[in-house]
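**Student:** One structure, pasted below without further comment.
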Amino acid sequence: MADEPWARPEAARLDELRLAAVESRAGAELALGRPAIVVAELERHLHDHPGREEAVRLLALALYRSGRQGDALGVLRRTRAYLADELGVDPGPALRQLEAGILAQAPELDEPAPAPAPLPPVSRRPAGPSPIAAIGRQAEITAIVAAAGEASRRGAQVVLIGGDAGAGKTTLAEAALSRLAEDGWHVHRGRCPEVEGAPPGWAWSEALGSDPVLGSDLVSDGGAPNPFRLGRAIAAALDGGRTVVLLDDVHRADDLTLQLLRQVVAQQAGRPLLVVITYRTTDRGDELEATVGALLTSTAAHLLLGGLDAEAVTALTRREGLDAGPDVLTLIAERTGGNPLFVRELARLLAAEGTRTAGTAVPAGVREVLRRRVARLPDPVTAALRQAAVLGREADVDVLAEVAGHDPDELLDALEAAVLAGLLDEPAPGLVRFTHGLVRDTLYEDTPLLRRARLHSRALGVLKDRADAATLARHASAAAGPATAHEAIPYAVQAARAAEVAGSWREAAAQWRSALRLRSLAGTRATIPETELLAPAVNAHARAGDVIRAREIYLSAPPDLAVLTSWDAPLVWTTRDGREPASGVVAALRSFLSGPVGPASRVRLLLALFRELEGFDDAAAATVSEEALALARTVDDPRLLCAALNIRCYASLGPDLRDIRRATAEEYLAVAVEAGEIDHEAVAHWLLFLESAARTDLDGARAEMGRAVACSTTGQLGDLLAVVSIFEGLLELLAGRVDQALARYEQVGHRLTEHGAMNGALMATVGRCSAAMFRGDLAPLVGELRAVEAAYPGRVTDPLVLALLDAGRPEEAAEVWRSRQPIDRNYYWLGFATLRAHAAARLGDTETGQRILAELLPFTGRIAGLDSGSLYAGPVDAALFALTGDPSYRDAADALLASLRR
């Protein structure tokens, strides 16, 4: 009832009370010394209500007390910009005073310290090296060893280990690998780099001791690696008996690493292979989320590490050289939450400074602990650490000496002190490595921006002829200012091209964004035309599955032929936000099409025009797809032919071209397989999935969907896994498990929205409509459907009419019915035509009913909506019974539903 006029004032009052309560609670949490909780709560709160200054003040203060001064200032500056842009005002006195206090590091902003209490004396002993031991993780080690046994019996298995930074993921994995090595398993280790700049697929290169991407026999004719062939090569290299591979820090993995992971597990399905994967739960991005879903059937264990228990905290503190009484140990456990890294760092600090500060020495985040440790070091050691941080997690000592401008022997003295302090280790002669990524991050962020830029500039000069393109681009970008940004652009372009050759489209997209940012920074000094950056940027984002950004760049560009024809990703989901096409883009495309362009360019223009017209003018889109396919057959370009077959198949998902649907999809699949275009191969299987679903061939649909996921690229995987989940929701519905079906739709809608899919949030509405149709009552959806109809006129007219009729509001239903529009003749046509048939029958609109009856008769025996893979509108025969009263249709509908439930 919130939309009713009488309810709006009260709803607004209650909403304001709720918002104030959230902020009051945050203030109380902050007063109790719990800034981390405040940060988590208020970040969500401010995302929805960015103009609430009290919430901004509390969040900034909580971030500051968590050791995140830069983030705190960022919140305040974003709020200043928001208030200026949206309201034309400056922040209030409280925010201005807080910003000044943070910049001055005013003592009154620090967390209030509790009164010191006398603590028992502590004996100190030096902490010596110890063998690999995952203290407090015996149950997890047992689970990993059990998974290895499962891999020996059944074939390739995966163990996922997730946790916060410092939770002990790597330590646990290494302890388990040590146990397996004792049992005769072959062990391989690869780590995903914690800074940008490594070649794609680096974790696999490190695990194998070679670079699988460089083998000439593993690269396709176009210069890009074929993940299938790479996967086979890696699988062959690992096929030496019982083998365990550790892929560490996979939250930082590039596209190629994740795709090879899926391929290797699939190709080793019958071999004794165990892949142990560690990742940060806080950094689990879309690509990793999709990969975890794809590996679900091969996952033997998914371990989420929490804090250590009191016994383990005691053991760990003693191993770090701290013998303390129970009160101190209790304080350590409470202040660190049992996080092993926090425990270790605090134990070292207390061993050095005494335990009287046990209750106040640990701020909410480990960064402050690390800052305290670094502050105890001599200035030359701190300077060397900051210089090393600019190079990344790992640094070559000779390179570091050149960057720092020091004699190598003098530098070694400083580095040795850092090693002794436990901030660095020495993985190999001539190399130093930060003991934890957070150590490097803390030192890097604490280095002033101007100094960082100078160090990056020196690093670029030193590494110019030694490092790969991505490393050079990282240093060039970080060193760039307005006067030098034009010099950094070629580095970003080179890195983007290298990532494209490696098939790492997500990395390529990031480098193209960097190039565009640098060009903007360079201003008139830039020599490279903007369109030379915009066109590949559009394509890289599209190939990476980032449709939102690709569309934004595409629409922001001038009407240039290269940009208009740059989108080279197969169509799975609409690329437009809303039903209407971009009129300027359509005009530009038609202008180029009316002029002299070559056959290949004309095909690409037609592909772009189809993306604008599909779902808006389906007849015109079908004509465009037909012309594009006919012309593509005359051009010797297999990928272009795949793209033309892709849009022709997409056009055939509607009712008018259904007779050519399967044949076109099968040709599409054959051409994609022969050409080695695996992204198109995946989409071809998806289209065959829809075709099978349309015929109610559920087993065939499942098989095609499995094939689509198996050969999907990382950029496609999220969308295709969402399609799988939606279809599983439909199957739950057909089996009568309505609540489980609704849960799946809700999850998918949330996931699609998070992933940036166009109109992804509407999928939850589709699910609720489907469940309501199955139950036979749409009345609870009246408010929701009205809101959708207002936002997207004509999109849900028919279910809204049925909902109003179910709610006993026939006059309103008749009014909405009069505003109906023709149903779009796309893959939702049969579902909505069936809903319209029910509405016409209930309203007594015989003229509309007779017209729809004629159109629905060819689809007898089908479930309406299954051809979309997402909607349930009931048996077509049920609608035919509603229109004709013929009991044979009713009996056919009942029999079909009964057969599906079985």
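Residue numbering restarts at 1 for every chain of the structure tokens, chains are lettered A, B, ... in their displayed order, and ligands are numbered from 1 as they appear.
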Excluding segment 589-591 of chain A and its own-chain neighbours fewer than 3 positions away, which residues fall within 10 Å of it when counting only C-alpha atoms? Please give them as a list in words.

**Tutor:**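 Everything that qualifies: Pro559, Asp560, Leu561, Leu564, Thr565, Ser583, Gly584, Val585, Val586, Ser594, Gly595, Arg602, Arg604, Leu605, Leu606, Ala608, Leu609 and Glu612 of chain A.
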
**Student:** When you look at Leu377 of chain A with a cut-off of 9 Å (counting only C-alpha atoms), what residues show up, excluding the ones that are within fewer than 5 positions of it in the same chain? I need them as an mmCIF file with N, CA and C atoms, in the first residue's frame.

**Tutor:**
```cif
data_model
loop_
_atom_site.group_PDB
_atom_site.id
_atom_site.type_symbol
_atom_site.label_atom_id
_atom_site.label_comp_id
_atom_site.auth_asym_id
_atom_site.auth_seq_id
_atom_site.Cartn_x
_atom_site.Cartn_y
_atom_site.Cartn_z
ATOM 1 N N THR A 382 62.815 1.666 6.432
ATOM 2 C CA THR A 382 61.467 2.048 6.008
ATOM 3 C C THR A 382 61.473 2.544 4.571
ATOM 4 N N ALA A 417 67.620 -6.096 7.550
ATOM 5 C CA ALA A 417 66.906 -5.686 8.758
ATOM 6 C C ALA A 417 65.410 -5.949 8.610
ATOM 7 N N ALA A 418 64.874 -5.721 7.416
ATOM 8 C CA ALA A 418 63.453 -5.985 7.185
ATOM 9 C C ALA A 418 63.151 -7.472 7.224
ATOM 10 N N ALA A 421 63.053 -8.491 10.746
ATOM 11 C CA ALA A 421 61.835 -7.980 11.379
ATOM 12 C C ALA A 421 60.592 -8.753 10.954
#
```

**Student:** Identify which of the residues A:Leu391, A:Ile144, A:Leu177, A:Leu607 lies closest to Leu160 of chain A, counting only C-alpha atoms when measuring atom-to-atom distances.

**Tutor:**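 Smallest separation from Leu160 of chain A among the options: A:Ile144.
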
**Student:** Can you pull out every residue from segment 177-405 of chain A that DSSP, working from the backbone, puts in alpha helix (DSSP H), and format the result as JSON, numbers by chain?

**Tutor:** {"A": [177, 178, 179, 180, 181, 182, 202, 203, 204, 205, 206, 207, 208, 227, 228, 229, 230, 231, 232, 233, 234, 235, 236, 237, 238, 255, 256, 257, 258, 259, 260, 261, 262, 263, 264, 265, 266, 267, 286, 287, 288, 289, 290, 291, 292, 293, 294, 310, 311, 312, 313, 314, 315, 316, 317, 318, 319, 326, 327, 328, 329, 330, 331, 332, 333, 334, 335, 336, 340, 341, 342, 343, 344, 345, 346, 347, 348, 349, 350, 351, 352, 353, 366, 367, 368, 369, 370, 371, 372, 373, 374, 375, 379, 380, 381, 382, 383, 384, 385, 386, 387, 388, 389, 390, 391, 397, 398, 399, 400, 401, 402, 403, 404]}

**Student:** What is the atom CA of Asp85 of chain A to atom CA of Ala100 of chain A distance in Å?

**Tutor:**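 Atom CA of Ala100 of chain A lies at a distance of 22.0 Å from atom CA of Asp85 of chain A.
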
**Student:** Show which residues sit within 7 Å of segment 705-713 of chain A, as a PDB file with all heavy atoms, in the first residue's frame. Count only C-alpha atoms, and ignore same-chain residues fewer than 2 positions away.

**Tutor:**
```
ATOM      1  N   GLN A 259      39.770 -19.808 -16.789  1.00  0.00           N
ATOM      2  CA  GLN A 259      39.280 -20.668 -17.859  1.00  0.00           C
ATOM      3  C   GLN A 259      40.097 -21.952 -17.944  1.00  0.00           C
ATOM      4  O   GLN A 259      39.553 -23.049 -18.132  1.00  0.00           O
ATOM      5  CB  GLN A 259      39.325 -19.917 -19.194  1.00  0.00           C
ATOM      6  CG  GLN A 259      38.527 -20.608 -20.288  1.00  0.00           C
ATOM      7  CD  GLN A 259      38.177 -19.664 -21.412  1.00  0.00           C
ATOM      8  OE1 GLN A 259      38.314 -18.460 -21.280  1.00  0.00           O
ATOM      9  NE2 GLN A 259      37.729 -20.197 -22.517  1.00  0.00           N
ATOM     10  N   ILE A 678      35.375 -20.363 -29.682  1.00  0.00           N
ATOM     11  CA  ILE A 678      34.700 -21.049 -28.587  1.00  0.00           C
ATOM     12  C   ILE A 678      33.634 -20.185 -27.921  1.00  0.00           C
ATOM     13  O   ILE A 678      32.678 -20.716 -27.351  1.00  0.00           O
ATOM     14  CB  ILE A 678      35.707 -21.549 -27.531  1.00  0.00           C
ATOM     15  CG1 ILE A 678      36.507 -20.389 -26.943  1.00  0.00           C
ATOM     16  CG2 ILE A 678      36.623 -22.588 -28.121  1.00  0.00           C
ATOM     17  CD1 ILE A 678      37.350 -20.814 -25.761  1.00  0.00           C
ATOM     18  N   ASP A 679      33.776 -18.840 -27.986  1.00  0.00           N
ATOM     19  CA  ASP A 679      32.709 -18.025 -27.407  1.00  0.00           C
ATOM     20  C   ASP A 679      31.423 -18.178 -28.207  1.00  0.00           C
ATOM     21  O   ASP A 679      30.326 -18.264 -27.645  1.00  0.00           O
ATOM     22  CB  ASP A 679      33.134 -16.558 -27.295  1.00  0.00           C
ATOM     23  CG  ASP A 679      33.613 -15.961 -28.606  1.00  0.00           C
ATOM     24  OD1 ASP A 679      33.926 -16.725 -29.546  1.00  0.00           O
ATOM     25  OD2 ASP A 679      33.701 -14.718 -28.697  1.00  0.00           O
ATOM     26  N   ALA A 682      29.861 -21.651 -27.462  1.00  0.00           N
ATOM     27  CA  ALA A 682      29.066 -21.672 -26.227  1.00  0.00           C
ATOM     28  C   ALA A 682      27.675 -21.095 -26.464  1.00  0.00           C
ATOM     29  O   ALA A 682      26.666 -21.652 -25.999  1.00  0.00           O
ATOM     30  CB  ALA A 682      29.790 -20.888 -25.129  1.00  0.00           C
ATOM     31  N   VAL A 683      27.598 -19.989 -27.200  1.00  0.00           N
ATOM     32  CA  VAL A 683      26.306 -19.353 -27.446  1.00  0.00           C
ATOM     33  C   VAL A 683      25.447 -20.224 -28.363  1.00  0.00           C
ATOM     34  O   VAL A 683      24.215 -20.280 -28.218  1.00  0.00           O
ATOM     35  CB  VAL A 683      26.504 -17.938 -28.021  1.00  0.00           C
ATOM     36  CG1 VAL A 683      25.163 -17.315 -28.401  1.00  0.00           C
ATOM     37  CG2 VAL A 683      27.216 -17.059 -27.009  1.00  0.00           C
ATOM     38  N   HIS A 685      25.370 -23.460 -28.372  1.00  0.00           N
ATOM     39  CA  HIS A 685      24.767 -24.466 -27.486  1.00  0.00           C
ATOM     40  C   HIS A 685      23.636 -23.849 -26.665  1.00  0.00           C
ATOM     41  O   HIS A 685      22.613 -24.496 -26.419  1.00  0.00           O
ATOM     42  CB  HIS A 685      25.827 -25.054 -26.557  1.00  0.00           C
ATOM     43  CG  HIS A 685      26.703 -26.079 -27.194  1.00  0.00           C
ATOM     44  ND1 HIS A 685      26.209 -27.242 -27.737  1.00  0.00           N
ATOM     45  CD2 HIS A 685      28.062 -26.108 -27.382  1.00  0.00           C
ATOM     46  CE1 HIS A 685      27.220 -27.964 -28.227  1.00  0.00           C
ATOM     47  NE2 HIS A 685      28.343 -27.301 -28.031  1.00  0.00           N
ATOM     48  N   TRP A 686      23.809 -22.596 -26.240  1.00  0.00           N
ATOM     49  CA  TRP A 686      22.747 -21.921 -25.490  1.00  0.00           C
ATOM     50  C   TRP A 686      21.490 -21.770 -26.348  1.00  0.00           C
ATOM     51  O   TRP A 686      20.368 -21.998 -25.879  1.00  0.00           O
ATOM     52  CB  TRP A 686      23.235 -20.553 -25.019  1.00  0.00           C
ATOM     53  CG  TRP A 686      22.157 -19.678 -24.464  1.00  0.00           C
ATOM     54  CD1 TRP A 686      21.493 -19.842 -23.280  1.00  0.00           C
ATOM     55  CD2 TRP A 686      21.595 -18.508 -25.066  1.00  0.00           C
ATOM     56  NE1 TRP A 686      20.564 -18.842 -23.117  1.00  0.00           N
ATOM     57  CE2 TRP A 686      20.600 -18.010 -24.195  1.00  0.00           C
ATOM     58  CE3 TRP A 686      21.841 -17.828 -26.255  1.00  0.00           C
ATOM     59  CZ2 TRP A 686      19.864 -16.870 -24.484  1.00  0.00           C
ATOM     60  CZ3 TRP A 686      21.110 -16.693 -26.540  1.00  0.00           C
ATOM     61  CH2 TRP A 686      20.132 -16.222 -25.656  1.00  0.00           C
ATOM     62  N   PHE A 689      19.824 -24.955 -26.541  1.00  0.00           N
ATOM     63  CA  PHE A 689      19.125 -25.163 -25.270  1.00  0.00           C
ATOM     64  C   PHE A 689      17.729 -24.541 -25.322  1.00  0.00           C
ATOM     65  O   PHE A 689      16.736 -25.170 -24.938  1.00  0.00           O
ATOM     66  CB  PHE A 689      19.956 -24.553 -24.141  1.00  0.00           C
ATOM     67  CG  PHE A 689      19.161 -24.016 -22.989  1.00  0.00           C
ATOM     68  CD1 PHE A 689      18.583 -24.865 -22.053  1.00  0.00           C
ATOM     69  CD2 PHE A 689      18.986 -22.645 -22.830  1.00  0.00           C
ATOM     70  CE1 PHE A 689      17.854 -24.358 -20.986  1.00  0.00           C
ATOM     71  CE2 PHE A 689      18.259 -22.132 -21.775  1.00  0.00           C
ATOM     72  CZ  PHE A 689      17.682 -22.997 -20.846  1.00  0.00           C
ATOM     73  N   ALA A 701      17.443 -30.014 -23.368  1.00  0.00           N
ATOM     74  CA  ALA A 701      17.794 -28.662 -22.930  1.00  0.00           C
ATOM     75  C   ALA A 701      18.902 -28.700 -21.890  1.00  0.00           C
ATOM     76  O   ALA A 701      19.865 -27.913 -21.943  1.00  0.00           O
ATOM     77  CB  ALA A 701      16.560 -27.960 -22.372  1.00  0.00           C
ATOM     78  N   ARG A 702      18.789 -29.622 -20.913  1.00  0.00           N
ATOM     79  CA  ARG A 702      19.837 -29.738 -19.895  1.00  0.00           C
ATOM     80  C   ARG A 702      21.188 -30.056 -20.526  1.00  0.00           C
ATOM     81  O   ARG A 702      22.219 -29.497 -20.154  1.00  0.00           O
ATOM     82  CB  ARG A 702      19.475 -30.848 -18.899  1.00  0.00           C
ATOM     83  CG  ARG A 702      18.401 -30.498 -17.897  1.00  0.00           C
ATOM     84  CD  ARG A 702      18.365 -31.564 -16.792  1.00  0.00           C
ATOM     85  NE  ARG A 702      17.165 -31.459 -15.984  1.00  0.00           N
ATOM     86  CZ  ARG A 702      16.058 -32.154 -16.187  1.00  0.00           C
ATOM     87  NH1 ARG A 702      15.985 -32.998 -17.207  1.00  0.00           N
ATOM     88  NH2 ARG A 702      15.013 -32.007 -15.396  1.00  0.00           N
ATOM     89  N   ALA A 703      21.192 -30.983 -21.472  1.00  0.00           N
ATOM     90  CA  ALA A 703      22.446 -31.385 -22.107  1.00  0.00           C
ATOM     91  C   ALA A 703      23.091 -30.219 -22.849  1.00  0.00           C
ATOM     92  O   ALA A 703      24.303 -29.991 -22.745  1.00  0.00           O
ATOM     93  CB  ALA A 703      22.197 -32.552 -23.061  1.00  0.00           C
ATOM     94  N   GLY A 715      34.152 -14.297 -19.779  1.00  0.00           N
ATOM     95  CA  GLY A 715      33.224 -13.185 -19.916  1.00  0.00           C
ATOM     96  C   GLY A 715      31.783 -13.613 -20.085  1.00  0.00           C
ATOM     97  O   GLY A 715      30.864 -12.877 -19.738  1.00  0.00           O
ATOM     98  N   GLN A 716      31.576 -14.829 -20.624  1.00  0.00           N
ATOM     99  CA  GLN A 716      30.220 -15.326 -20.842  1.00  0.00           C
ATOM    100  C   GLN A 716      29.690 -16.121 -19.659  1.00  0.00           C
ATOM    101  O   GLN A 716      28.485 -16.292 -19.506  1.00  0.00           O
ATOM    102  CB  GLN A 716      30.193 -16.264 -22.059  1.00  0.00           C
ATOM    103  CG  GLN A 716      30.600 -15.639 -23.370  1.00  0.00           C
ATOM    104  CD  GLN A 716      30.755 -16.716 -24.425  1.00  0.00           C
ATOM    105  OE1 GLN A 716      31.380 -17.736 -24.197  1.00  0.00           O
ATOM    106  NE2 GLN A 716      30.168 -16.482 -25.588  1.00  0.00           N
ATOM    107  N   LEU A 717      30.598 -16.645 -18.852  1.00  0.00           N
ATOM    108  CA  LEU A 717      30.221 -17.664 -17.891  1.00  0.00           C
ATOM    109  C   LEU A 717      29.152 -17.180 -16.921  1.00  0.00           C
ATOM    110  O   LEU A 717      28.213 -17.914 -16.593  1.00  0.00           O
ATOM    111  CB  LEU A 717      31.468 -18.130 -17.126  1.00  0.00           C
ATOM    112  CG  LEU A 717      31.286 -19.331 -16.202  1.00  0.00           C
ATOM    113  CD1 LEU A 717      30.786 -20.538 -16.979  1.00  0.00           C
ATOM    114  CD2 LEU A 717      32.596 -19.657 -15.502  1.00  0.00           C
ATOM    115  N   LEU A 720      25.727 -17.235 -18.586  1.00  0.00           N
ATOM    116  CA  LEU A 720      25.251 -18.579 -18.886  1.00  0.00           C
ATOM    117  C   LEU A 720      24.912 -19.353 -17.614  1.00  0.00           C
ATOM    118  O   LEU A 720      23.947 -20.127 -17.584  1.00  0.00           O
ATOM    119  CB  LEU A 720      26.293 -19.331 -19.718  1.00  0.00           C
ATOM    120  CG  LEU A 720      26.474 -18.795 -21.142  1.00  0.00           C
ATOM    121  CD1 LEU A 720      27.563 -19.555 -21.870  1.00  0.00           C
ATOM    122  CD2 LEU A 720      25.176 -18.875 -21.930  1.00  0.00           C
ATOM    123  N   LEU A 721      25.689 -19.147 -16.549  1.00  0.00           N
ATOM    124  CA  LEU A 721      25.346 -19.794 -15.290  1.00  0.00           C
ATOM    125  C   LEU A 721      24.036 -19.238 -14.739  1.00  0.00           C
ATOM    126  O   LEU A 721      23.254 -19.959 -14.112  1.00  0.00           O
ATOM    127  CB  LEU A 721      26.467 -19.613 -14.271  1.00  0.00           C
ATOM    128  CG  LEU A 721      27.695 -20.507 -14.480  1.00  0.00           C
ATOM    129  CD1 LEU A 721      28.761 -20.166 -13.456  1.00  0.00           C
ATOM    130  CD2 LEU A 721      27.337 -21.977 -14.387  1.00  0.00           C
ATOM    131  N   VAL A 724      21.385 -21.046 -16.488  1.00  0.00           N
ATOM    132  CA  VAL A 724      21.230 -22.380 -15.909  1.00  0.00           C
ATOM    133  C   VAL A 724      20.381 -22.316 -14.647  1.00  0.00           C
ATOM    134  O   VAL A 724      19.455 -23.116 -14.450  1.00  0.00           O
ATOM    135  CB  VAL A 724      22.603 -22.992 -15.588  1.00  0.00           C
ATOM    136  CG1 VAL A 724      22.444 -24.272 -14.783  1.00  0.00           C
ATOM    137  CG2 VAL A 724      23.365 -23.290 -16.868  1.00  0.00           C
TER     138      VAL A 724
END
```

**Student:** Please measure the separation of atom CA of Leu19 of chain A and atom CA of Ala55 of chain A, giving the value in Å to one decimal.

**Tutor:** 9.2 Å

**Student:** Restricting the calculation to only C-alpha atoms, which member of A:Gly306, A:Gly481, A:Pro780, A:Gly168 is positioned closest to Leu802 of chain A?

**Tutor:**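 The answer is A:Pro780, which sits nearest to Leu802 of chain A.
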
**Student:** Taking 4 positions as the minimum chain separation for residues in the same chain, which residues sit within 12 Å of Ala854 of chain A when counting only C-alpha atoms? Answer as a list in words.

**Tutor:**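 The residues satisfying every condition are Ala833, Thr834, Ala837, Glu847, Thr848, Gly849, Gln850, Pro858, Phe859, Thr860, Ala879, Leu880, Leu883 and Thr884 of chain A.
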
**Student:** Those same residues, written as a compact mmCIF listing (two decimals), in the first residue's frame with all heavy atoms?

**Tutor:**
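Done, and the output landed in result.txt:
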```txt
# COMPACT_ATOMS: atom_id res chain seq x y z
N ALA A 833 1.65 -14.15 -25.12
CA ALA A 833 0.43 -14.39 -25.90
C ALA A 833 -0.51 -15.31 -25.14
O ALA A 833 -1.75 -15.15 -25.17
CB ALA A 833 0.80 -15.00 -27.25
N THR A 834 0.05 -16.29 -24.43
CA THR A 834 -0.78 -17.19 -23.62
C THR A 834 -1.44 -16.42 -22.47
O THR A 834 -2.62 -16.63 -22.17
CB THR A 834 0.09 -18.33 -23.08
OG1 THR A 834 0.63 -19.07 -24.20
CG2 THR A 834 -0.71 -19.27 -22.20
N ALA A 837 -4.25 -14.49 -23.87
CA ALA A 837 -5.42 -15.33 -24.15
C ALA A 837 -6.25 -15.52 -22.89
O ALA A 837 -7.49 -15.42 -22.93
CB ALA A 837 -4.95 -16.69 -24.68
N GLU A 847 -13.20 -10.82 -29.77
CA GLU A 847 -12.44 -10.47 -30.99
C GLU A 847 -10.96 -10.72 -30.78
O GLU A 847 -10.30 -11.38 -31.61
CB GLU A 847 -12.70 -9.00 -31.34
CG GLU A 847 -11.95 -8.57 -32.60
CD GLU A 847 -12.18 -7.09 -32.92
OE1 GLU A 847 -13.05 -6.47 -32.26
OE2 GLU A 847 -11.47 -6.57 -33.80
N THR A 848 -10.41 -10.20 -29.66
CA THR A 848 -8.99 -10.44 -29.37
C THR A 848 -8.75 -11.93 -29.14
O THR A 848 -7.74 -12.50 -29.60
CB THR A 848 -8.56 -9.64 -28.13
OG1 THR A 848 -8.78 -8.26 -28.38
CG2 THR A 848 -7.10 -9.89 -27.81
N GLY A 849 -9.68 -12.59 -28.45
CA GLY A 849 -9.54 -14.01 -28.18
C GLY A 849 -9.46 -14.85 -29.43
O GLY A 849 -8.62 -15.76 -29.53
N GLN A 850 -10.28 -14.56 -30.42
CA GLN A 850 -10.26 -15.33 -31.66
C GLN A 850 -8.95 -15.12 -32.42
O GLN A 850 -8.40 -16.06 -33.02
CB GLN A 850 -11.46 -14.94 -32.54
CG GLN A 850 -12.80 -15.43 -32.01
CD GLN A 850 -12.82 -16.95 -31.86
OE1 GLN A 850 -12.50 -17.68 -32.80
NE2 GLN A 850 -13.19 -17.42 -30.67
N PRO A 858 -0.86 -23.51 -33.44
CA PRO A 858 0.32 -24.31 -33.83
C PRO A 858 1.20 -24.74 -32.64
O PRO A 858 2.09 -25.57 -32.82
CB PRO A 858 1.09 -23.36 -34.76
CG PRO A 858 0.09 -22.36 -35.24
CD PRO A 858 -0.86 -22.19 -34.09
N PHE A 859 0.94 -24.17 -31.46
CA PHE A 859 1.81 -24.44 -30.32
C PHE A 859 1.16 -25.35 -29.29
O PHE A 859 1.63 -25.44 -28.16
CB PHE A 859 2.21 -23.11 -29.66
CG PHE A 859 2.96 -22.19 -30.57
CD1 PHE A 859 2.30 -21.20 -31.29
CD2 PHE A 859 4.33 -22.33 -30.74
CE1 PHE A 859 2.99 -20.35 -32.14
CE2 PHE A 859 5.04 -21.49 -31.59
CZ PHE A 859 4.37 -20.50 -32.30
N THR A 860 0.09 -26.04 -29.68
CA THR A 860 -0.55 -26.96 -28.75
C THR A 860 0.45 -28.02 -28.30
O THR A 860 1.33 -28.44 -29.06
CB THR A 860 -1.77 -27.62 -29.41
OG1 THR A 860 -2.41 -28.47 -28.46
CG2 THR A 860 -1.37 -28.43 -30.63
N ALA A 879 -4.74 -22.28 -22.15
CA ALA A 879 -5.24 -21.04 -22.73
C ALA A 879 -6.26 -21.34 -23.83
O ALA A 879 -7.28 -20.63 -23.97
CB ALA A 879 -4.09 -20.21 -23.28
N LEU A 880 -5.99 -22.38 -24.62
CA LEU A 880 -6.95 -22.76 -25.68
C LEU A 880 -8.28 -23.20 -25.07
O LEU A 880 -9.35 -22.91 -25.61
CB LEU A 880 -6.35 -23.87 -26.54
CG LEU A 880 -5.08 -23.49 -27.33
CD1 LEU A 880 -4.53 -24.70 -28.06
CD2 LEU A 880 -5.36 -22.35 -28.30
N LEU A 883 -10.25 -20.15 -24.06
CA LEU A 883 -10.84 -19.44 -25.20
C LEU A 883 -11.98 -20.21 -25.84
O LEU A 883 -12.93 -19.61 -26.37
CB LEU A 883 -9.75 -19.16 -26.25
CG LEU A 883 -8.68 -18.13 -25.87
CD1 LEU A 883 -7.56 -18.14 -26.89
CD2 LEU A 883 -9.28 -16.73 -25.75
N THR A 884 -11.91 -21.56 -25.84
CA THR A 884 -12.89 -22.35 -26.59
C THR A 884 -13.85 -23.14 -25.72
O THR A 884 -14.95 -23.49 -26.16
CB THR A 884 -12.16 -23.36 -27.50
OG1 THR A 884 -11.46 -24.30 -26.67
CG2 THR A 884 -11.18 -22.65 -28.42
```

**Student:** What parts of segment 236-452 of chain A does DSSP call strand (DSSP E)? I'd like the answer as number ranges by chain.

**Tutor:** A: 243-248, 273-280, 299-304, 322-323, 394-396, 424-425, 431-434

**Student:** Do you know which residues are at most 8 Å from segment 871-875 of chain A counting only C-alpha atoms, after dropping those on the same chain fewer than 2 positions away, and could you put them as a PyMOL selection string?

**Tutor:** chain A and resi 730+766-767+769-771+773-774+828+831-832+834-835+861-866+868-869+877-879+893+896-897

**Student:** In terms of the shortest atom-to-atom distance over only C-alpha atoms, which of A:Leu273, A:Leu687, A:Ala351, A:Ala31 is closest to Arg318 of chain A?

**Tutor:**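 The closest residue to Arg318 of chain A is A:Ala351.
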
**Student:** What gap, in Å, lies between atom CA of Ala544 of chain A and atom CA of Val671 of chain A?

**Tutor:**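 Computed distance, atom CA of Ala544 of chain A to atom CA of Val671 of chain A, equals 22.1 Å.
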
**Student:** Counting only C-alpha atoms, which of A:Leu657, A:Leu341, A:Ala459, A:Leu778 gets nearest to Asn826 of chain A?

**Tutor:**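 Comparing A:Leu657, A:Leu341, A:Ala459, A:Leu778 against Asn826 of chain A, the winner is A:Leu657.
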
**Student:** Fewer than 6 positions away in the same chain doesn't count, so skip those; otherwise give me all residues within 10 Å of segment 808-824 of chain A, counting only C-alpha atoms, as a list in words.

**Tutor:**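 So the residues in contact are Glu614, Gly615, Phe616, Asp617, Asp618, Ala619, Gly654, Ala779, Arg786, Glu789, Pro793, Gly794, Arg795, Val796, Thr797, Asp798, Leu800, Val801, Leu802, Leu830, Phe832, Ala833, Arg836, Ala839, Ala840, Arg842, Leu843 and Asp845 of chain A.
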